[in-house]
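Have a look at the structure below, then the notes.
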Amino acid sequence: MIALMNRLLFLCLALLPGLALAKPIVVGVHSHTPPFEWRQNGIDTGMHVDLALRIGRRLGQDVQIRRHNFQTLLDKLERHEIDLVVAVSPVDRRRQLPQSDPIFTTFAKAYSLPSQPYITDWAQLAGMRIAVKVGSFVDVFLADKDWPFEIVPVDLYETGFRRLQAGQVDLVIAEQYVARRLQPKYDRVHSASDPLIYGSFNFISYAGNDALIAEINQQLRQMKISGEYDRLLNQWLGIGREKVDLEATQSRYTQAAYAVAIISLLGMIVTWRMSRGLKKRDSELRNELVHRRKAENGYALLSRQFQSVLDGLPHGIGLYDGQRNRLWGNDKAQAFLSVKHQLVNANGPLDLDAAIVAVLKSGAASVEHYQDDQGRHWELRCHPLLQRQVVVMGLDITEQVLLRQENDKASRLASLGELSAGVAHEINNPTGLILQQVALLADALPDLKPACDAYEQDDPFWEVAGLPPQRALSELQHCHESIHDSARRISTIVSDLKRYAQPDHEHVTQAISLNAVVETALRLTTNQHKAFQLTTELCPTLPMIQAQQQAMEQVLINLLQNACHALPTEGGQLWIRTGSVDDRPFLEVEDNGHGMSPEIRDRIIEPFFTTRRAEGGTGLGMAVCARILAEHQAQMNIDSTPGQGTRIRILFPPEKLA
């Protein structure tokens, strides 16, 4: 006896590894319609799910349920990522994939709006737009044939009903169980025909998996023989197969009835004696049942609350097992994982399976940053749990990354402003000294001219720096002008730097005329615009505004100089306008120059940005203008098209009217 027990124990131990390594059957579901397939409290349930689990138990294999849309299930079935899908097939033709015996029969018929006539045959559908769900048994029935109507593919029957009610299609041919539950949501849709297509629910597998379909067929037939299949139908659909022929078995039941009557009499005696004890036990069981129902209701409520909390989280969360199967997750996890093939970082594209394996192997959490093809940034966190499971969280950190970049940019600009102020201060002193010495040279040159004339008459061979006196005096005058212009240019750049780095806090304003600002600016920029055609359109009744006269002149001078730089050598035109729009005075400068691209227009007021670096541009003119206009609460609108010109309008608020 002991030896036999040892053999049995050894046999069980030998079979355990094989049982642990048995590959589970993966069943895909897609419907949200009771009683076949739907999700309740985050768990997939229904007749098809229950039937698959029962068949799995009979086969001694674990069954895993995966929920996707129908097209995704077909794709995964083709890639052998799932083993079975429950779908409806026409009764007179089979799908190309292996399919099981019928599970349950159904039919499809036409649904229309009240204005459509009743359909009695296919000929009445000629010229109509018929909505058909892609991959459904209706789609399979209609495939590979020429029909006198237009087939409009839809992803769901509900989409077809919605398009029917919107007038985008004329009819919907739908499976009756789904249509019956959709009709209350679409009150104008009604049944418009008798059954047109008959079909049956079947298990469908991928090509080459005929062995699994054969095992499923064997279990289905055994379940029908044992009555388990009828009880399943009664449980979910309230119908079943009558398996007892009363006429053929009436005599056998009559003989058994006598035996039952005798046994019942004896049972009544025993029952009477047991009834008193059973009443007490019944009361105890009732109390226990009440407590169990309360506990089950509490557990169901807790499950719904937990799922609601998961769906309410701002990040995508999913739980994966050691085989990289997703056990559960919230809605945002699906949205995050739908772009996983597009996420990349310095190490290459995201490989979620490899990341899960690495976390399980190391036992430590991992954090990686990725970017998708739309420029959004993601943070992928993987945390190991007990029982070789991993929690994966996907966080959209695009806003944080952009804020960090803007902060770095602001810090660099602040440092650049401080450096510019220091450089301006250091340059200002030698520039002032140069201007002072140049002024002395300017005063000395007129005094030297008579002496140069006299020396040239008395000694024609007298020279200054190897040049005749008059020639030397002319060169000195030219050098004086060049030094003076260069020093003045340096002084202007330094003033712009100091003005940009140190805003004017006093901001003293007065009542000024924009027309007067235009006249002053035109006088100061005569050398720049005299080579072009200038048109001024000044409003004579323009009201006065509260502003800084010199600051407004500086803004307009900068705009005029930029416009002149953009104009062509021949045919250049320049317009300056003043006026009022909705009680808002405006000042406008327009040219027909080369214009600006959107990229340049977006950066035009950025400090130190210039397209004329080779010609000596500093990139401070428009930045200073933007700061001055911001101090005056004025709005600068830039309209520019490459090759057509630029128009800049400055609008002043009504509050600035004097």
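Here's how to read the names in the structure tokens: chain A, B, ... by the order shown, residue numbers from 1 in each chain, ligand numbers from 1 in the order shown.
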Write out as JSON lines the residues of region 18-102 of chain A that have any atom within 12 Å of an atom of region 125-146 of chain A, one row each with the nearest atom pair and its distance in Å to one decimal, counting only C-alpha atoms, sorted by chain and then rising number.
{"residue": "A:His30", "atom": "CA", "partner": "A:Ser136", "partner_atom": "CA", "distance": 12.0}
{"residue": "A:Ser31", "atom": "CA", "partner": "A:Ser136", "partner_atom": "CA", "distance": 11.8}
{"residue": "A:Asn69", "atom": "CA", "partner": "A:Gly135", "partner_atom": "CA", "distance": 11.1}
{"residue": "A:Phe70", "atom": "CA", "partner": "A:Gly135", "partner_atom": "CA", "distance": 7.6}
{"residue": "A:Gln71", "atom": "CA", "partner": "A:Gly135", "partner_atom": "CA", "distance": 7.4}
{"residue": "A:Thr72", "atom": "CA", "partner": "A:Gly135", "partner_atom": "CA", "distance": 11.0}
{"residue": "A:Leu73", "atom": "CA", "partner": "A:Gly135", "partner_atom": "CA", "distance": 10.6}
{"residue": "A:Leu74", "atom": "CA", "partner": "A:Gly135", "partner_atom": "CA", "distance": 8.6}
{"residue": "A:Asp75", "atom": "CA", "partner": "A:Gly135", "partner_atom": "CA", "distance": 11.4}
{"residue": "A:Val86", "atom": "CA", "partner": "A:Ser136", "partner_atom": "CA", "distance": 11.0}
{"residue": "A:Ala87", "atom": "CA", "partner": "A:Ser136", "partner_atom": "CA", "distance": 7.5}
{"residue": "A:Val88", "atom": "CA", "partner": "A:Phe137", "partner_atom": "CA", "distance": 5.3}
{"residue": "A:Ser89", "atom": "CA", "partner": "A:Phe137", "partner_atom": "CA", "distance": 4.7}
{"residue": "A:Pro90", "atom": "CA", "partner": "A:Phe137", "partner_atom": "CA", "distance": 5.6}
{"residue": "A:Val91", "atom": "CA", "partner": "A:Phe137", "partner_atom": "CA", "distance": 9.3}
{"residue": "A:Asp92", "atom": "CA", "partner": "A:Phe141", "partner_atom": "CA", "distance": 8.7}
{"residue": "A:Arg93", "atom": "CA", "partner": "A:Phe141", "partner_atom": "CA", "distance": 7.7}
{"residue": "A:Arg94", "atom": "CA", "partner": "A:Val140", "partner_atom": "CA", "distance": 8.8}
{"residue": "A:Arg95", "atom": "CA", "partner": "A:Val140", "partner_atom": "CA", "distance": 7.5}
{"residue": "A:Gln96", "atom": "CA", "partner": "A:Val140", "partner_atom": "CA", "distance": 10.0}
DSSP on the backbone, strand (DSSP E) only: what residues of region 58-168 of chain A does that give? Format it as a compact mmCIF listing (two decimals) with C-alpha atoms, in the first residue's frame.
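Below you can see states08.txt, which holds the result:
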# COMPACT_ATOMS: atom_id res chain seq x y z
CA VAL A 63 -8.78 30.35 -20.58
CA GLN A 64 -7.81 34.03 -20.80
CA ILE A 65 -10.24 36.67 -22.10
CA ARG A 66 -8.95 39.60 -24.21
CA ARG A 67 -11.23 42.51 -25.23
CA LEU A 84 -10.52 31.92 -30.60
CA VAL A 85 -13.12 34.53 -31.52
CA VAL A 86 -16.90 34.08 -31.34
CA ALA A 87 -18.50 35.39 -34.55
CA VAL A 88 -21.65 34.83 -36.55
CA SER A 89 -21.37 32.99 -39.89
CA PRO A 90 -24.03 32.54 -42.60
CA PHE A 104 -26.68 29.42 -31.28
CA THR A 105 -28.67 30.47 -34.35
CA THR A 106 -29.72 33.99 -35.27
CA PHE A 107 -30.77 36.00 -38.29
CA ALA A 108 -30.39 39.46 -39.83
CA LYS A 109 -33.03 41.70 -41.32
CA ALA A 110 -33.41 45.23 -42.65
CA TYR A 111 -34.00 48.28 -40.46
CA SER A 112 -35.14 51.63 -41.86
CA ARG A 129 -27.30 52.76 -49.66
CA ILE A 130 -27.06 49.77 -47.29
CA ALA A 131 -24.97 50.01 -44.09
CA VAL A 132 -23.13 46.71 -43.35
CA LYS A 133 -20.81 46.05 -40.39
CA GLU A 150 -24.34 50.35 -52.65
CA ILE A 151 -22.72 48.71 -49.60
CA VAL A 152 -21.61 51.32 -47.01
CA PRO A 153 -19.10 49.70 -44.58
CA VAL A 154 -19.41 50.68 -40.88
Using only C-alpha atoms, which residues sit within 6 Å of region 647-658 of chain A once same-chain residues fewer than 5 positions away are excluded, as a ChimeraX atom specification?
-> /A:511,544-546,584-590,634-639
Restricting the output to N, CA and C atoms, write the selected residues as a compact mmCIF listing (two decimals), in the first residue's frame.
# COMPACT_ATOMS: atom_id res chain seq x y z
N ALA A 511 0.51 114.47 -24.03
CA ALA A 511 -0.38 114.44 -25.18
C ALA A 511 0.42 114.72 -26.45
N MET A 544 -5.37 113.30 -30.26
CA MET A 544 -4.09 113.19 -29.55
C MET A 544 -4.13 111.96 -28.63
N ILE A 545 -2.93 111.41 -28.34
CA ILE A 545 -2.83 110.27 -27.43
C ILE A 545 -1.81 110.57 -26.35
N GLN A 546 -1.93 109.88 -25.23
CA GLN A 546 -0.98 109.99 -24.13
C GLN A 546 0.17 109.01 -24.39
N ARG A 584 -9.91 103.40 -31.88
CA ARG A 584 -8.53 103.07 -31.53
C ARG A 584 -7.60 103.68 -32.57
N PRO A 585 -6.82 104.71 -32.21
CA PRO A 585 -5.87 105.29 -33.17
C PRO A 585 -4.83 104.26 -33.59
N PHE A 586 -4.37 104.39 -34.86
CA PHE A 586 -3.35 103.46 -35.32
C PHE A 586 -2.31 104.18 -36.16
N LEU A 587 -1.12 103.58 -36.18
CA LEU A 587 0.00 104.03 -36.99
C LEU A 587 0.47 102.83 -37.80
N GLU A 588 0.58 102.98 -39.14
CA GLU A 588 0.83 101.83 -40.01
C GLU A 588 1.97 102.12 -40.97
N VAL A 589 2.87 101.12 -41.13
CA VAL A 589 3.98 101.19 -42.08
C VAL A 589 3.87 99.96 -43.00
N GLU A 590 3.87 100.21 -44.34
CA GLU A 590 3.74 99.11 -45.30
C GLU A 590 4.79 99.26 -46.39
N ALA A 634 0.03 99.21 -26.20
CA ALA A 634 -0.29 99.22 -27.63
C ALA A 634 -0.12 97.82 -28.22
N GLN A 635 -0.84 97.57 -29.30
CA GLN A 635 -0.83 96.26 -29.95
C GLN A 635 -0.18 96.38 -31.33
N MET A 636 0.79 95.49 -31.61
CA MET A 636 1.49 95.51 -32.91
C MET A 636 1.05 94.28 -33.71
N ASN A 637 0.39 94.51 -34.85
CA ASN A 637 -0.05 93.45 -35.74
C ASN A 637 0.86 93.41 -36.97
N ILE A 638 1.42 92.22 -37.25
CA ILE A 638 2.36 92.06 -38.36
C ILE A 638 1.72 91.15 -39.41
N ASP A 639 1.58 91.70 -40.63
CA ASP A 639 1.04 90.93 -41.75
C ASP A 639 2.10 90.93 -42.85
Note to self: Would you pick out the contacts of region 288-300 of chain A at 10 Å or less, using only C-alpha atoms, so that residues sharing its chain but fewer than 5 positions from it are not included, and give the list as number ranges by chain?
What the structure shows: A: 40-41, 282-283, 305-306
With C-alpha atoms retained, export the selected residues as a PDB file, in the first residue's frame.
ATOM      1  CA  GLN A  40     -19.700  44.233 -15.865  1.00  0.00           C
ATOM      2  CA  ASN A  41     -17.755  45.929 -13.043  1.00  0.00           C
ATOM      3  CA  ASP A 282     -33.135  26.988   7.722  1.00  0.00           C
ATOM      4  CA  SER A 283     -33.341  30.048   9.945  1.00  0.00           C
ATOM      5  CA  GLN A 305     -15.403  52.278  -6.966  1.00  0.00           C
ATOM      6  CA  PHE A 306     -11.885  50.933  -7.570  1.00  0.00           C
TER       7      PHE A 306
END
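CA of Arg613 (chain A) is found 15.3 Å from CA of Ile490 (chain A).
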Exercise. In Å to one decimal, how far is CA of Thr541 (chain A) from CA of Ser580 (chain A)?
Worked result: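 Atom-to-atom, CA of Ser580 (chain A) to CA of Thr541 (chain A), that is 9.4 Å.
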**Asked** Taking only C-alpha atoms into account, which of A:Ile216, A:Arg58, A:Ser191, A:His32 comes nearest Glu158 (chain A)?
**Response**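 Comparing A:Ile216, A:Arg58, A:Ser191, A:His32 against Glu158 (chain A), the winner is A:His32.
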What is the CA of Leu232 (chain A) to CA of Ala211 (chain A) distance in Å?
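Here the two named atoms are 24.6 Å from each other.
Around Ala166 (chain A), within 12 Å and counting only C-alpha atoms, the residues found are A:Ser112, A:Leu113, A:Thr159, A:Gly160, A:Phe161, A:Arg162, A:Asp170, A:Leu171, A:Tyr186, A:Arg188, A:Val189, once anything fewer than 4 positions away on its own chain is removed.
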### Query
Which polymer residues have any atom within 12 Å of an atom of region 311-327 of chain A, counting only C-alpha atoms, with same-chain residues fewer than 3 positions away left out, as a ChimeraX atom specification?
/A:21,23-24,26,42-44,64-67,81-82,304-308,330-338,351-361,378-397
